[in-house]
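Asker: Structure provided below as C-alpha cells; questions to follow.
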Amino acid sequence: MKRSSWKEYQKEIADDRYYYARSCIRQNFFPGSEAAFLDIMRNDLGKDVLDDPLHTSCTGIGYHSDIVPLETIMTVVARQFALMTAAGYENFTSSCITSFGIYTEILETWHEFPETEARTRENLFKATGREFRIPRNIAHTSDVIFHNREQIAARMVHPLMNVETGAPLKGVEHIGCHYAKIFPKSGIGGSEFPYVLAGMIEAWGGEVVDYPERRHCCGFGFRNYLVQANRGYSVANSQKKFASMAPYRPDFIVCNCPGCAMFLDKWQYTIAEMEGVTYGPNGRGIPVITYEEMAGLVLGYDPWQLGMQMHQVDVEPLLDKMGVKYDPDAKYLGNNGKLIGKPEQAVVNCCSQERTYEVRQ
Amino acid sequence: MAINWGFNIARPRAVDMDANDLSITRRIMAQMPEFQACIACGSCTATCTAGNLTSFNFRRVHTLVRRGEYEGAYEEMGKCMLCGKCRLSCPRGINTRGLVMLIKRELEDK
Amino acid sequence: MSKKVIIVGGGAAGMKCASTLRTQGVEVLLVERDRTLGGKLNGWHKLFPTLTPAGEVLDALKREVAASGAEVMTGTEVERIAANGVTVNGGRELKADAVVVCSGFDLFDARIKEEYGYGIYDNVYTTVDIERMLNEGRVALADGSAPRRIAFLHCVGSRDEKVGQRHCSRVCCITGVKQAMEMKELFPQAEVYNFYMDIRMFGPGYEEMYREAQQKYNVNFIRGRISEASPTFDGRLQIKAEDTLVGRPLKMSVDMLVLIVGMRPGCSNGRFACTEGVNLAPNGFVSPLNPFAGNVRSGAASIFYAGTVTAPKNIGESMNEGVAAAMSVVEYLNAR
C-alpha cells in the first residue's frame, strides 16, 4: 500500500515541559500505562513532565452521557488550564482520547465563539478565583510518544519482532473516534489513514495490519454502553472489528483510547463466553495493549510492572514472541508480594489459572 | 454456571452483498428482464391497494429481493391483492403484477 | 484593416470559436497552455451517448482550425486578460480587439476524498483513468486479472460542500453509465454496481442510454453514496453505503472501484477575475453577464466566454457556445 498521506496531517508537538492530565478510568483497567508514560518520559528520555495531583477528571464521561452540561465541562477544563498556568507550564498533554477530544473541541469553540471563553473565565474566577492561559501546545500522550519514537527505537531492547523467526509482529491499531474524527487535523495522519500508533509500530520493527473495519468505532459510545440494555449493539461493533481483523492473524491490538482498550480487551471475553467465538490465532483472544505498554515492552520494562496482568486476554503469547522475560510465578503478586487476586479460567485465555501463587514476605 | 448478561449481541443490519446468495435474484431477472429497468420511483407503492392500508411496500420488498434479501419477502407478497393498478402506473412498463407472482413462485420453498 | 481576436484556451469551445470567427473574416490568435490543441478531449476514449470516438470529434475540430487559417500558439499560458488583449507567460503583452475566454475546467482531484483511498489502494480508479486505459487498449486490475465485480461511485467532487464543490458537474452521471456499459462489454461476466444520489440524465439520448445500461447490460443502480473503501484480506476493496431505497446499510467487496470525478472551476478563473467586468459565481466558475441572453458575455464589452469556464457542460454544448461567442464577437466588432 502506498501510504504517505499521513504526512499531510502534521501537527506541532511540544518537545519538553508537559503538564500531564490523567484519565479517570485507565488506572483501573490498564493500571501501569500512565506510570510507564511518566517513567519513559522522565527516565528514558529525560523530559520534564508534571504529574499534578490537583487536577480532576475532565468530566468527559458525564458530558458524553448527557449529565454534565457544556458550560460545566468548559469550566472544569478551564480549571485544568489554570493549574497548568499556575505551575508554570504551557504544553498540555492528556492521557485520555476523550479528554483530548474535549480539550480540542473546547479550544475550537472558544476560538470560534469568544463569548463562550469570556463566560468560562468568569465562571472559573467566581468559583475558584483562578485564571488561566490557553495552552501553547496541546497533544495526546500518544502524540508525545510518537514524537519520540525514534529516540525510543534507539534504546530498543525488544523490537516488535518474532525472536524465533525475525519476522515483524503484526499489530492492529485503533486510534479511537475522539482522536481524529472530531478534527482530522488534530490527529497525526488524519482520521482515514491514522499514523500515530502505526508510526510507533513501524519505528519499532512491527507491521501494521490495514483491515476493512480499521476505522470503525469500538462501540463504546458512553451512554450507549452505560445502559445495560444497549450493550448488545455496543459489543456488536467490537465483534465486527474482531471478525474483520482475525483473518490477518494479528499478534496484538494496540489502542490509543482508554475506552477502546478496555472494550477490545474485555469484549473478547464477553463474546467468547456468550457465543464461544474467539479471534486470536491461537484459538484464544488477541492480546490488547496500550501504546505506553508497547513502548515499555520495547524498552525492556517488566510486563508485570507495566500492569499487563490486569488485562482480560493473556498477554503471554505476545511476550513470548517478543522474547520478553517474565516470571510466571509473579503474575498476580503485587509490588509488596501480596496476591492481588486472579481471574477465573475463561474461554478467551490461554494461560492456566491453576497456578498457586506463593505470597512473598 | 450460566451468566445473566442482560443483553444479547446485536446482529448486523447491513445488507451483505458478499454473503448473500443472489441465485434466486438471477432466476427472477432472467424470467422478467424488464425488471432490471426499474428506477425505484415508487409509483407502484403509491397506488398499491394493500400498501395504503398495511405496511406492505412493494417497491422496498422487490428492491430487497434484488439484493438477495429474501427473508419475509414471500409473506409480504402475500399481502398483494393482485388488482394490477401498479402495472398501469409503472413508467418503465414492468409487469409488476406478474413480478409479484414470480417472486412468490421463486421463494415459496424458502 | 481586419479586426483581431485572441481566444484563451484551445479545447472544444476555443477551437470551434476560432474556426467560426475565421469564417466571418476575423483574424484569430488561439492561445493554448498545453503543447497540443484539444484540451480534455485528448484524454477521452468514446463520447456519450453515441459512443463516437473522441478522436473523430477532435480531428474534425483540428482540421477546421487548420483550414481556417487561425494563428495557433501552443505551450503558452495566459496570465492576465484585459479588454484590449492578454498577457502571456514571460510578461509579453498581445493586443486584440476582443478576447474570448475558453479556458475550461479542472478535474476534481479524487485524493481529496481520502476515504476512498485513491492513490493509496490498488484498483481504485477515476473515470479519467478508465478513459486512459480504454485508449491504451487494456483495462485490467493491478495484478493484470479481470475484475469480477466493479463499483462506480457518482458525485465524487460534486454536490459535496465538504470539498468546496456545491455544484452538480452534470456530465458525470452519463459518463458513469457509459463506462459501466463499456466495462460490461469488456467483462460480460462481471457484476457492475453504480452508486448514485440522483441520476441526472439531462441530454438527448442520455435517459435512453441509462435504460439500456439497466436493460441490456444489467448494470445495477444502488441509491446511496459510498462512505468509505478499505482493503480486504484477499486484496479486494470493501465498500460501505446505505441502500437508501430499502433503508439499510449495505456492504460489498469489489475488485475495482471507479470514482466518477466532477468538474472544478479552472485554476485560472481566480486570476482572470482580477479584470474589470470578469466576475466569479460563488461556486468559482466565471459568471456570465446574464444566464439567458448573455451566456457568452462578460461585464466588459470586449471580453467573451465559451465552454466550461462558466459552468460544467458537455462537448456539444461547449462547441455551440464557441459558435455563439464567435457570433457575439462579430456583432460587437461590427458595432464599433
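So you can find residues: chains in the C-alpha cells are A, B, ... in the order shown, residues in each start at 1, and ligands are numbered from 1 in order.
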Just the residues within 6 Å of segment 283-287 of chain C, please, counting only C-alpha atoms, with nothing from its chain fewer than 6 positions along; format it as an MDAnalysis selection string.

Answerer: chainID C and resid 265 309:311

Asker: Just write the chosen residues, N, CA and C atoms, as a tab-separated table (two decimals), in the first residue's frame.

Answerer:
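After the write, out13.tsv holds the following:
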```tsv
chain	number	residue	atom	x	y	z
C	265	PRO	N	-13.87	24.44	-11.00
C	265	PRO	CA	-13.60	25.66	-11.77
C	265	PRO	C	-12.13	25.67	-12.19
C	309	VAL	N	-15.72	27.25	-18.85
C	309	VAL	CA	-15.20	28.29	-17.96
C	309	VAL	C	-16.35	28.87	-17.13
C	310	THR	N	-17.57	28.80	-17.66
C	310	THR	CA	-18.70	29.38	-16.92
C	310	THR	C	-19.49	28.36	-16.14
C	311	ALA	N	-19.47	27.09	-16.53
C	311	ALA	CA	-20.23	26.05	-15.82
C	311	ALA	C	-19.92	24.71	-16.46
```

Asker: Enumerate as a ChimeraX atom specification the residues belonging to chain A that approach chain B to within 9 Å, with only C-alpha atoms taken into account.

Answerer: /A:228-237,239-240,270-271,273-275

Asker: Do me a favour and pick out the residues of chain C within 7 Å of chain B, using only C-alpha atoms, as an mmCIF file with all heavy atoms, in the first residue's frame.

Answerer:
```cif
data_model
loop_
_atom_site.group_PDB
_atom_site.id
_atom_site.type_symbol
_atom_site.label_atom_id
_atom_site.label_comp_id
_atom_site.auth_asym_id
_atom_site.auth_seq_id
_atom_site.Cartn_x
_atom_site.Cartn_y
_atom_site.Cartn_z
ATOM 1 N N ARG C 211 -31.360 3.598 -19.570
ATOM 2 C CA ARG C 211 -32.246 2.447 -19.655
ATOM 3 C C ARG C 211 -31.534 1.258 -20.301
ATOM 4 O O ARG C 211 -31.671 0.115 -19.862
ATOM 5 C CB ARG C 211 -33.490 2.811 -20.471
ATOM 6 C CG ARG C 211 -34.602 1.796 -20.320
ATOM 7 C CD ARG C 211 -35.756 2.097 -21.250
ATOM 8 N NE ARG C 211 -37.027 1.644 -20.705
ATOM 9 C CZ ARG C 211 -37.393 0.377 -20.624
ATOM 10 N NH1 ARG C 211 -36.582 -0.574 -21.017
ATOM 11 N NH2 ARG C 211 -38.573 0.053 -20.126
ATOM 12 N N GLN C 214 -29.349 -0.482 -17.878
ATOM 13 C CA GLN C 214 -30.102 -1.360 -16.985
ATOM 14 C C GLN C 214 -30.588 -2.601 -17.722
ATOM 15 O O GLN C 214 -30.379 -3.727 -17.277
ATOM 16 C CB GLN C 214 -31.337 -0.614 -16.454
ATOM 17 C CG GLN C 214 -31.033 0.521 -15.514
ATOM 18 C CD GLN C 214 -32.319 1.184 -15.055
ATOM 19 O OE1 GLN C 214 -33.122 1.640 -15.871
ATOM 20 N NE2 GLN C 214 -32.529 1.231 -13.762
ATOM 21 N N GLN C 215 -31.255 -2.355 -18.858
ATOM 22 C CA GLN C 215 -31.982 -3.420 -19.536
ATOM 23 C C GLN C 215 -31.062 -4.367 -20.286
ATOM 24 O O GLN C 215 -31.139 -5.571 -20.128
ATOM 25 C CB GLN C 215 -32.987 -2.780 -20.506
ATOM 26 C CG GLN C 215 -33.896 -3.774 -21.171
ATOM 27 C CD GLN C 215 -34.937 -4.319 -20.208
ATOM 28 O OE1 GLN C 215 -35.904 -3.638 -19.898
ATOM 29 N NE2 GLN C 215 -34.755 -5.524 -19.713
ATOM 30 N N ASN C 218 -27.607 -5.014 -17.780
ATOM 31 C CA ASN C 218 -27.854 -5.451 -16.402
ATOM 32 C C ASN C 218 -26.929 -4.767 -15.391
ATOM 33 O O ASN C 218 -26.413 -5.386 -14.470
ATOM 34 C CB ASN C 218 -27.750 -6.972 -16.280
ATOM 35 C CG ASN C 218 -28.422 -7.489 -15.029
ATOM 36 O OD1 ASN C 218 -29.167 -6.747 -14.362
ATOM 37 N ND2 ASN C 218 -28.173 -8.730 -14.699
ATOM 38 N N LEU C 245 -32.980 3.083 -0.670
ATOM 39 C CA LEU C 245 -34.325 2.702 -1.091
ATOM 40 C C LEU C 245 -34.885 1.549 -0.268
ATOM 41 O O LEU C 245 -36.074 1.278 -0.303
ATOM 42 C CB LEU C 245 -34.332 2.364 -2.582
ATOM 43 C CG LEU C 245 -33.983 3.575 -3.454
ATOM 44 C CD1 LEU C 245 -33.821 3.166 -4.902
ATOM 45 C CD2 LEU C 245 -35.046 4.648 -3.321
ATOM 46 N N VAL C 246 -34.020 0.870 0.478
ATOM 47 C CA VAL C 246 -34.547 -0.124 1.417
ATOM 48 C C VAL C 246 -34.283 0.325 2.850
ATOM 49 O O VAL C 246 -34.739 -0.306 3.797
ATOM 50 C CB VAL C 246 -33.990 -1.549 1.178
ATOM 51 C CG1 VAL C 246 -34.336 -2.016 -0.216
ATOM 52 C CG2 VAL C 246 -32.499 -1.626 1.419
ATOM 53 N N ARG C 248 -31.435 0.453 4.582
ATOM 54 C CA ARG C 248 -30.488 -0.349 5.367
ATOM 55 C C ARG C 248 -29.069 -0.132 4.867
ATOM 56 O O ARG C 248 -28.862 0.104 3.680
ATOM 57 C CB ARG C 248 -30.841 -1.841 5.273
ATOM 58 C CG ARG C 248 -31.942 -2.251 6.253
ATOM 59 C CD ARG C 248 -32.414 -3.647 6.006
ATOM 60 N NE ARG C 248 -31.313 -4.617 6.079
ATOM 61 C CZ ARG C 248 -31.454 -5.899 5.757
ATOM 62 N NH1 ARG C 248 -32.612 -6.369 5.343
ATOM 63 N NH2 ARG C 248 -30.427 -6.704 5.860
ATOM 64 N N PRO C 249 -28.082 -0.226 5.798
ATOM 65 C CA PRO C 249 -26.695 -0.158 5.330
ATOM 66 C C PRO C 249 -26.424 -1.337 4.400
ATOM 67 O O PRO C 249 -27.100 -2.376 4.491
ATOM 68 C CB PRO C 249 -25.864 -0.280 6.609
ATOM 69 C CG PRO C 249 -26.811 -0.253 7.744
ATOM 70 C CD PRO C 249 -28.179 -0.514 7.228
ATOM 71 N N LEU C 250 -25.432 -1.159 3.553
ATOM 72 C CA LEU C 250 -25.077 -2.216 2.602
ATOM 73 C C LEU C 250 -23.570 -2.249 2.479
ATOM 74 O O LEU C 250 -22.921 -1.208 2.517
ATOM 75 C CB LEU C 250 -25.725 -1.903 1.251
ATOM 76 C CG LEU C 250 -25.449 -2.819 0.057
ATOM 77 C CD1 LEU C 250 -26.715 -2.937 -0.794
ATOM 78 C CD2 LEU C 250 -24.302 -2.326 -0.807
ATOM 79 N N LYS C 251 -23.014 -3.445 2.407
ATOM 80 C CA LYS C 251 -21.571 -3.525 2.169
ATOM 81 C C LYS C 251 -21.284 -4.597 1.154
ATOM 82 O O LYS C 251 -22.053 -5.556 1.014
ATOM 83 C CB LYS C 251 -20.813 -3.771 3.471
ATOM 84 C CG LYS C 251 -21.090 -5.095 4.120
ATOM 85 C CD LYS C 251 -20.094 -5.335 5.256
ATOM 86 C CE LYS C 251 -20.308 -6.726 5.843
ATOM 87 N NZ LYS C 251 -19.258 -7.114 6.767
ATOM 88 N N MET C 252 -20.206 -4.431 0.438
ATOM 89 C CA MET C 252 -19.790 -5.451 -0.522
ATOM 90 C C MET C 252 -18.309 -5.304 -0.808
ATOM 91 O O MET C 252 -17.724 -4.245 -0.598
ATOM 92 C CB MET C 252 -20.598 -5.345 -1.826
ATOM 93 C CG MET C 252 -20.398 -4.074 -2.613
ATOM 94 S SD MET C 252 -21.001 -4.225 -4.320
ATOM 95 C CE MET C 252 -22.745 -4.064 -4.118
ATOM 96 N N SER C 253 -17.728 -6.390 -1.264
ATOM 97 C CA SER C 253 -16.345 -6.345 -1.717
ATOM 98 C C SER C 253 -16.357 -6.226 -3.229
ATOM 99 O O SER C 253 -17.184 -6.856 -3.889
ATOM 100 C CB SER C 253 -15.600 -7.613 -1.329
ATOM 101 O OG SER C 253 -15.668 -7.797 0.054
#
```

Asker: May I ask which of the residues A:Gln27, A:Val277, A:Gln353, A:Val324 is the closest one to Met310 of chain A, counting only C-alpha atoms?

Answerer: A:Gln27

Asker: May I have the residues within 8 Å of Lys85 of chain B as a VMD selection string, using only C-alpha atoms and disregarding those fewer than 2 positions away in the same chain?

Answerer: chain B and resid 44 47 to 48 83 87 to 89

Asker: Enter the distance from atom CA of Ser33 of chain A to atom CA of Gln305 of chain A, in Å, rounded to one decimal.

Answerer: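 Spanning atom CA of Ser33 of chain A to atom CA of Gln305 of chain A is a straight-line distance of 9.5 Å.
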
Asker: Select all residues from chain C having any atom no more than 6 Å from an atom of chain A (counting only C-alpha atoms, ignoring ligands), output as a PDB file with all heavy atoms, in the first residue's frame.

Answerer:
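iface-v4.pdb was written with the following content:
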```pdb
ATOM      1  N   GLU C 115     -11.210   9.152   2.024  1.00  0.00           N
ATOM      2  CA  GLU C 115     -11.866   7.931   2.490  1.00  0.00           C
ATOM      3  C   GLU C 115     -12.004   6.873   1.394  1.00  0.00           C
ATOM      4  O   GLU C 115     -12.291   5.727   1.682  1.00  0.00           O
ATOM      5  CB  GLU C 115     -13.241   8.246   3.098  1.00  0.00           C
ATOM      6  CG  GLU C 115     -14.225   8.972   2.207  1.00  0.00           C
ATOM      7  CD  GLU C 115     -14.166  10.498   2.334  1.00  0.00           C
ATOM      8  OE1 GLU C 115     -13.034  11.046   2.379  1.00  0.00           O
ATOM      9  OE2 GLU C 115     -15.232  11.128   2.388  1.00  0.00           O
ATOM     10  N   ILE C 120      -3.860   5.342  -3.017  1.00  0.00           N
ATOM     11  CA  ILE C 120      -3.337   4.591  -1.878  1.00  0.00           C
ATOM     12  C   ILE C 120      -3.576   3.096  -2.085  1.00  0.00           C
ATOM     13  O   ILE C 120      -2.655   2.298  -1.994  1.00  0.00           O
ATOM     14  CB  ILE C 120      -3.974   5.090  -0.568  1.00  0.00           C
ATOM     15  CG1 ILE C 120      -3.502   6.520  -0.308  1.00  0.00           C
ATOM     16  CG2 ILE C 120      -3.616   4.177   0.599  1.00  0.00           C
ATOM     17  CD1 ILE C 120      -4.175   7.204   0.836  1.00  0.00           C
ATOM     18  N   TYR C 121      -4.826   2.742  -2.393  1.00  0.00           N
ATOM     19  CA  TYR C 121      -5.110   1.332  -2.654  1.00  0.00           C
ATOM     20  C   TYR C 121      -5.019   1.058  -4.147  1.00  0.00           C
ATOM     21  O   TYR C 121      -5.388   1.901  -4.967  1.00  0.00           O
ATOM     22  CB  TYR C 121      -6.527   0.975  -2.185  1.00  0.00           C
ATOM     23  CG  TYR C 121      -6.803   1.297  -0.749  1.00  0.00           C
ATOM     24  CD1 TYR C 121      -7.958   1.979  -0.390  1.00  0.00           C
ATOM     25  CD2 TYR C 121      -5.921   0.927   0.255  1.00  0.00           C
ATOM     26  CE1 TYR C 121      -8.231   2.282   0.932  1.00  0.00           C
ATOM     27  CE2 TYR C 121      -6.182   1.227   1.573  1.00  0.00           C
ATOM     28  CZ  TYR C 121      -7.336   1.907   1.906  1.00  0.00           C
ATOM     29  OH  TYR C 121      -7.600   2.206   3.199  1.00  0.00           O
ATOM     30  N   SER C 230     -12.096   0.251   1.925  1.00  0.00           N
ATOM     31  CA  SER C 230     -10.930  -0.236   2.664  1.00  0.00           C
ATOM     32  C   SER C 230     -10.490  -1.573   2.079  1.00  0.00           C
ATOM     33  O   SER C 230     -11.279  -2.270   1.458  1.00  0.00           O
ATOM     34  CB  SER C 230     -11.261  -0.361   4.158  1.00  0.00           C
ATOM     35  OG  SER C 230     -12.592  -0.722   4.351  1.00  0.00           O
ATOM     36  N   PRO C 231      -9.221  -1.890   2.269  1.00  0.00           N
ATOM     37  CA  PRO C 231      -8.698  -3.104   1.643  1.00  0.00           C
ATOM     38  C   PRO C 231      -9.163  -4.347   2.392  1.00  0.00           C
ATOM     39  O   PRO C 231      -9.322  -4.319   3.611  1.00  0.00           O
ATOM     40  CB  PRO C 231      -7.181  -2.927   1.784  1.00  0.00           C
ATOM     41  CG  PRO C 231      -7.016  -2.079   2.999  1.00  0.00           C
ATOM     42  CD  PRO C 231      -8.209  -1.193   3.080  1.00  0.00           C
ATOM     43  N   THR C 232      -9.375  -5.426   1.682  1.00  0.00           N
ATOM     44  CA  THR C 232      -9.786  -6.671   2.334  1.00  0.00           C
ATOM     45  C   THR C 232      -8.620  -7.651   2.349  1.00  0.00           C
ATOM     46  O   THR C 232      -7.600  -7.442   1.681  1.00  0.00           O
ATOM     47  CB  THR C 232     -10.965  -7.341   1.609  1.00  0.00           C
ATOM     48  OG1 THR C 232     -10.515  -7.781   0.327  1.00  0.00           O
ATOM     49  CG2 THR C 232     -12.126  -6.380   1.447  1.00  0.00           C
TER      50      THR C 232
END
```

Asker: Neighbours of Ser55 of chain B within 12 Å (only C-alpha atoms; same-chain residues fewer than 6 positions away dropped), as a list in words?

Answerer: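 Skipping anything fewer than 6 positions along the chain leaves Thr45, Cys48, Thr49, Val61, Glu75, Glu76, Met77, Lys79 and Cys80 of chain B.
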
Asker: I'd like the interatomic distance between atom CA of Leu94 of chain C and atom CA of Asp106 of chain C, to a tenth of an Å.

Answerer: 25.1 Å

Asker: From the options A:Val68, A:Leu54, A:Ala180, A:Leu83, which residue's atoms come nearest to Gly101 of chain A, counting only C-alpha atoms?

Answerer: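 Residue with the minimum atom-to-atom distance to Gly101 of chain A: A:Ala180.
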
Asker: Do a neighbour search on Ile25 of chain A at 9 Å with only C-alpha atoms, toss out local chain neighbours closer than 6 positions, and write the hits as a ChimeraX atom specification.

Answerer: /A:96,258-259

Asker: Restrict the selected residues to N, CA, C and O atoms and save them as an mmCIF file, in the first residue's frame.

Answerer:
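The resulting file, again.cif, is reproduced below:
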```
data_model
loop_
_atom_site.group_PDB
_atom_site.id
_atom_site.type_symbol
_atom_site.label_atom_id
_atom_site.label_comp_id
_atom_site.auth_asym_id
_atom_site.auth_seq_id
_atom_site.Cartn_x
_atom_site.Cartn_y
_atom_site.Cartn_z
ATOM 1 N N CYS A 96 -5.989 10.640 27.947
ATOM 2 C CA CYS A 96 -7.259 10.045 27.501
ATOM 3 C C CYS A 96 -7.673 10.656 26.176
ATOM 4 O O CYS A 96 -7.564 11.862 25.974
ATOM 5 N N PRO A 258 -8.566 4.965 26.301
ATOM 6 C CA PRO A 258 -8.871 4.116 27.452
ATOM 7 C C PRO A 258 -10.091 3.229 27.225
ATOM 8 O O PRO A 258 -10.059 2.033 27.509
ATOM 9 N N GLY A 259 -11.151 3.796 26.700
ATOM 10 C CA GLY A 259 -12.391 3.033 26.488
ATOM 11 C C GLY A 259 -12.204 1.944 25.463
ATOM 12 O O GLY A 259 -12.660 0.810 25.648
#
```

Asker: Please compute the atom CA of Met256 of chain C-atom CA of Asn220 of chain C distance, one decimal, in Å.

Answerer: 15.0 Å

Asker: Restricting the calculation to only C-alpha atoms, which member of A:Ile97, A:Val313, A:Leu319, A:Ile134 is positioned closest to Pro343 of chain A?

Answerer: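 Of A:Ile97, A:Val313, A:Leu319, A:Ile134, the one nearest Pro343 of chain A, counting only C-alpha atoms, is A:Val313.
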